[in-house]
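Below is data_21.pdb, holding PDB, C-alpha atoms.
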MODEL        1
ATOM      1  CA  MET A   1      97.525  52.733 144.681
ATOM      2  CA  ASN A   2      98.553  54.831 141.676
ATOM      3  CA  ASN A   3      96.394  57.949 141.195
ATOM      4  CA  ASN A   4      97.355  58.203 137.536
ATOM      5  CA  ILE A   5      95.433  55.066 136.548
ATOM      6  CA  MET A   6      92.278  56.019 134.645
ATOM      7  CA  GLY A   7      91.109  52.502 134.081
ATOM      8  CA  TYR A   8      92.078  49.257 132.389
ATOM      9  CA  ASP A   9      92.370  48.447 128.714
ATOM     10  CA  PRO A  10      89.566  45.919 128.021
ATOM     11  CA  ASN A  11      91.666  44.081 125.403
ATOM     12  CA  THR A  12      94.875  43.635 127.358
ATOM     13  CA  GLY A  13      93.741  44.158 130.936
ATOM     14  CA  LYS A  14      96.689  46.478 131.500
ATOM     15  CA  PRO A  15      96.181  49.767 133.369
ATOM     16  CA  VAL A  16      95.637  52.924 131.293
ATOM     17  CA  TYR A  17      97.428  55.898 132.810
ATOM     18  CA  GLN A  18      96.244  59.492 132.836
ATOM     19  CA  ASN A  19      97.961  61.750 130.333
ATOM     20  CA  ASN A  20      99.119  64.875 132.197
ATOM     21  CA  THR A  21      99.655  66.893 129.027
ATOM     22  CA  LEU A  22      97.115  69.380 127.718
ATOM     23  CA  GLU A  23      94.951  68.173 124.896
ATOM     24  CA  PRO A  24      95.307  70.216 121.701
ATOM     25  CA  GLN A  25      92.511  72.657 121.033
ATOM     26  CA  PRO A  26      90.207  71.650 118.203
ATOM     27  CA  LYS A  27      91.107  73.369 114.962
ATOM     28  CA  LEU A  28      88.806  75.991 113.498
ATOM     29  CA  ASN A  29      87.023  74.721 110.456
ATOM     30  CA  LYS A  30      87.635  76.443 107.125
ATOM     31  CA  SER A  31      84.435  78.483 107.149
ATOM     32  CA  LYS A  32      85.267  80.009 110.545
ATOM     33  CA  LYS A  33      88.808  80.784 109.381
ATOM     34  CA  SER A  34      87.486  82.400 106.209
ATOM     35  CA  PHE A  35      84.977  84.437 108.192
ATOM     36  CA  LEU A  36      87.692  85.664 110.572
ATOM     37  CA  ILE A  37      89.996  86.588 107.683
ATOM     38  CA  ILE A  38      87.203  88.496 105.922
ATOM     39  CA  LEU A  39      86.266  90.249 109.167
ATOM     40  CA  ILE A  40      89.858  91.296 109.809
ATOM     41  CA  CYS A  41      90.263  92.547 106.217
ATOM     42  CA  LEU A  42      87.040  94.555 106.440
ATOM     43  CA  GLY A  43      88.248  96.074 109.689
ATOM     44  CA  PHE A  44      91.503  97.167 108.059
ATOM     45  CA  PHE A  45      89.653  98.632 105.066
ATOM     46  CA  VAL A  46      87.301 100.603 107.315
ATOM     47  CA  ILE A  47      90.216 101.986 109.330
ATOM     48  CA  PHE A  48      92.102 102.798 106.109
ATOM     49  CA  PHE A  49      89.191 104.719 104.574
ATOM     50  CA  ILE A  50      88.495 106.593 107.789
ATOM     51  CA  ALA A  51      92.158 107.615 107.916
ATOM     52  CA  ILE A  52      92.122 108.748 104.268
ATOM     53  CA  PHE A  53      88.910 110.728 104.796
ATOM     54  CA  TYR A  54      90.312 112.322 107.949
ATOM     55  CA  ILE A  55      93.560 113.311 106.207
ATOM     56  CA  ALA A  56      91.688 114.709 103.197
ATOM     57  CA  TYR A  57      89.287 116.618 105.443
ATOM     58  CA  LYS A  58      92.066 118.061 107.614
ATOM     59  CA  ASN A  59      94.020 119.134 104.515
ATOM     60  CA  SER A  60      91.035 120.964 103.027
ATOM     61  CA  ASP A  61      89.886 124.533 103.278
ATOM     62  CA  GLN A  62      86.321 125.541 104.068
ATOM     63  CA  LEU A  63      83.982 128.313 102.974
ATOM     64  CA  VAL A  64      81.588 128.789 105.886
ATOM     65  CA  CYS A  65      78.421 130.691 104.978
ATOM     66  CA  THR A  66      75.754 131.579 107.536
ATOM     67  CA  SER A  67      72.422 133.359 107.357
ATOM     68  CA  SER A  68      69.076 133.344 109.105
ATOM     69  CA  GLN A  69      67.656 131.318 106.185
ATOM     70  CA  GLY A  70      70.237 128.531 106.204
ATOM     71  CA  ASN A  71      73.899 127.661 106.610
ATOM     72  CA  ILE A  72      76.372 125.858 104.387
ATOM     73  CA  THR A  73      80.019 124.914 104.667
ATOM     74  CA  LEU A  74      81.811 123.998 101.443
ATOM     75  CA  ILE A  75      84.853 121.778 101.880
ATOM     76  CA  TYR A  76      87.328 122.197  99.045
ATOM     77  CA  ASN A  77      90.912 121.986  97.889
ATOM     78  CA  GLU A  78      92.608 123.741  95.004
ATOM     79  CA  TYR A  79      91.156 121.265  92.487
ATOM     80  CA  THR A  80      87.534 120.618  93.457
ATOM     81  CA  ILE A  81      84.684 120.977  95.900
ATOM     82  CA  MET A  82      85.065 117.853  98.052
ATOM     83  CA  GLY A  83      81.905 118.021 100.128
ATOM     84  CA  TYR A  84      79.547 120.189 102.102
ATOM     85  CA  LYS A  85      77.549 120.433 105.308
ATOM     86  CA  ALA A  86      74.254 122.307 105.159
ATOM     87  CA  THR A  87      71.254 123.144 107.322
ATOM     88  CA  ASN A  88      67.999 124.402 105.772
ATOM     89  CA  PHE A  89      69.816 124.534 102.466
ATOM     90  CA  THR A  90      69.887 122.313  99.375
ATOM     91  CA  TYR A  91      73.046 121.905  97.320
ATOM     92  CA  ASP A  92      73.661 119.700  94.266
ATOM     93  CA  LEU A  93      77.260 118.655  94.881
ATOM     94  CA  ASP A  94      77.786 116.877  91.547
ATOM     95  CA  GLU A  95      76.556 119.814  89.475
ATOM     96  CA  GLN A  96      78.465 122.360  91.536
ATOM     97  CA  GLN A  97      81.656 120.302  91.310
ATOM     98  CA  ASP A  98      81.377 120.363  87.521
ATOM     99  CA  ILE A  99      80.969 124.151  87.538
ATOM    100  CA  ALA A 100      83.897 124.603  89.941
ATOM    101  CA  GLU A 101      86.161 122.427  87.818
ATOM    102  CA  GLU A 102      85.104 124.300  84.670
ATOM    103  CA  ILE A 103      85.702 127.851  85.941
ATOM    104  CA  GLY A 104      88.213 127.072  88.673
ATOM    105  CA  VAL A 105      87.633 126.602  92.386
ATOM    106  CA  GLY A 106      88.780 130.107  93.337
ATOM    107  CA  GLU A 107      86.410 131.777  90.876
ATOM    108  CA  TYR A 108      83.575 129.459  91.875
ATOM    109  CA  LEU A 109      84.006 130.317  95.558
ATOM    110  CA  GLU A 110      83.969 134.055  94.826
ATOM    111  CA  GLU A 111      80.773 133.687  92.772
ATOM    112  CA  PHE A 112      79.145 131.470  95.413
ATOM    113  CA  LYS A 113      80.103 133.891  98.176
ATOM    114  CA  ALA A 114      78.632 136.844  96.257
ATOM    115  CA  TRP A 115      75.447 134.884  95.473
ATOM    116  CA  PHE A 116      75.031 133.787  99.098
ATOM    117  CA  GLN A 117      75.459 137.327 100.416
ATOM    118  CA  ASP A 118      72.906 138.718  97.938
ATOM    119  CA  ALA A 119      70.331 135.902  97.848
ATOM    120  CA  MET A 120      70.497 134.695 101.437
ATOM    121  CA  ASP A 121      71.484 137.982 103.119
ATOM    122  CA  GLY A 122      74.332 136.138 104.832
ATOM    123  CA  THR A 123      78.063 136.193 105.305
ATOM    124  CA  CYS A 124      80.819 133.831 104.217
ATOM    125  CA  VAL A 125      84.204 133.285 105.805
ATOM    126  CA  ILE A 126      87.085 131.217 104.423
ATOM    127  CA  LYS A 127      88.756 128.909 106.937
ATOM    128  CA  THR A 128      92.106 127.635 105.703
ATOM    129  CA  LYS A 129      93.943 124.541 106.843
ATOM    130  CA  ASN A 130      96.901 126.614 108.007
TER
ENDMDL
END
As structure tokens, how would this structure be written, given the file I've shared?
Amino acid sequence: MNNNIMGYDPNTGKPVYQNNTLEPQPKLNKSKKSFLIILICLGFFVIFFIAIFYIAYKNSDQLVCTSSQGNITLIYNEYTIMGYKATNFTYDLDEQQDIAEEIGVGEYLEEFKAWFQDAMDGTCVIKTKN
């Protein structure tokens, strides 16, 4: 007896043999392919923006100001104030960026440092990327 016989063709009565090859996997439909492509693209964009942010952050200097009333760290480069981290302190980044660009970042930082020391009774230290 042949173990490869699966059955008999009802039209011809001849034996139908088992196919020992693997059946092809069903193809993904277009919506699944599109979803996967979009998901992969989003993943690349997220990684790209994280890398850009990390590079910009690592290549920036910081003015770290501390006091008993609140702390703030200004992240900047030679052109603008890029961001800040603050605790118990409010800071209008957009407005302060405009001022810094108008008078120059170096002058702005000196004025901010002097204001912080007088108004908040705190200290400020510049941390450079080097």
For CA of Ile126 in chain A and CA of Ala51 in chain A, the interatomic separation in Å (one decimal):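 Computing the Euclidean distance for CA of Ile126 in chain A and CA of Ala51 in chain A yields 24.4 Å.
For the atom pair formed by CA of Lys129 in chain A and CA of Glu78 in chain A, the distance is 11.9 Å, given to one decimal.
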From the list A:Phe35, A:Tyr79, A:Phe53, A:Phe48, which residue is nearest Glu102 in chain A when using all atoms listed in the file? A:Tyr79
Determine the residue set returned by the PyMOL selection byres ((chain A and resi 122) around 10) for the present structure, and present it as a PDB file with C-alpha atoms, in the coordinates of the input.
ATOM      1  CA  CYS A  65      78.421 130.691 104.978  1.00  0.00           C
ATOM      2  CA  THR A  66      75.754 131.579 107.536  1.00  0.00           C
ATOM      3  CA  SER A  67      72.422 133.359 107.357  1.00  0.00           C
ATOM      4  CA  SER A  68      69.076 133.344 109.105  1.00  0.00           C
ATOM      5  CA  GLN A  69      67.656 131.318 106.185  1.00  0.00           C
ATOM      6  CA  GLY A  70      70.237 128.531 106.204  1.00  0.00           C
ATOM      7  CA  ASN A  71      73.899 127.661 106.610  1.00  0.00           C
ATOM      8  CA  LYS A 113      80.103 133.891  98.176  1.00  0.00           C
ATOM      9  CA  ALA A 114      78.632 136.844  96.257  1.00  0.00           C
ATOM     10  CA  TRP A 115      75.447 134.884  95.473  1.00  0.00           C
ATOM     11  CA  PHE A 116      75.031 133.787  99.098  1.00  0.00           C
ATOM     12  CA  GLN A 117      75.459 137.327 100.416  1.00  0.00           C
ATOM     13  CA  ASP A 118      72.906 138.718  97.938  1.00  0.00           C
ATOM     14  CA  ALA A 119      70.331 135.902  97.848  1.00  0.00           C
ATOM     15  CA  MET A 120      70.497 134.695 101.437  1.00  0.00           C
ATOM     16  CA  ASP A 121      71.484 137.982 103.119  1.00  0.00           C
ATOM     17  CA  THR A 123      78.063 136.193 105.305  1.00  0.00           C
ATOM     18  CA  CYS A 124      80.819 133.831 104.217  1.00  0.00           C
TER      19      CYS A 124
END
Could you check how far CA of Ala86 in chain A sits from CA of Leu74 in chain A, in Å to one decimal?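 Separation between CA of Ala86 in chain A and CA of Leu74 in chain A: 8.6 Å.
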Counting only C-alpha atoms, note down every residue that has an atom within 9 Å of the point (86.3, 125.1, 101.4) (file coordinates), as a list in words.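 These residues have at least one counted atom within 9 Å: Ser60, Asp61, Gln62, Leu63, Val64, Thr73, Leu74, Ile75, Tyr76, Asn77, Ile81, Met82, Gly83, Tyr84, Leu109, Ile126, Lys127 and Thr128 of chain A.
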Spatial neighbours of Gln96 in chain A, 9 Å, all atoms listed in the file, chain gap at least 5 places, as a ChimeraX atom specification: /A:81,91,101,108
Give the answer as one residue: which of A:Ile72, A:Ile47, A:Ala100, A:Ile37 has the shortest atom-to-atom distance to Asn88 in chain A, using only C-alpha atoms? A:Ile72
Can you report as lines of an AutoDock Vina configuration file the centre and edge lengths in Å, to one decimal, of an axis-aligned box around the listed atoms of range 39-42 of chain A padded with 3 Å on each side?
center_x = 88.3
center_y = 92.4
center_z = 108.0
size_x = 10.0
size_y = 10.3
size_z = 9.6
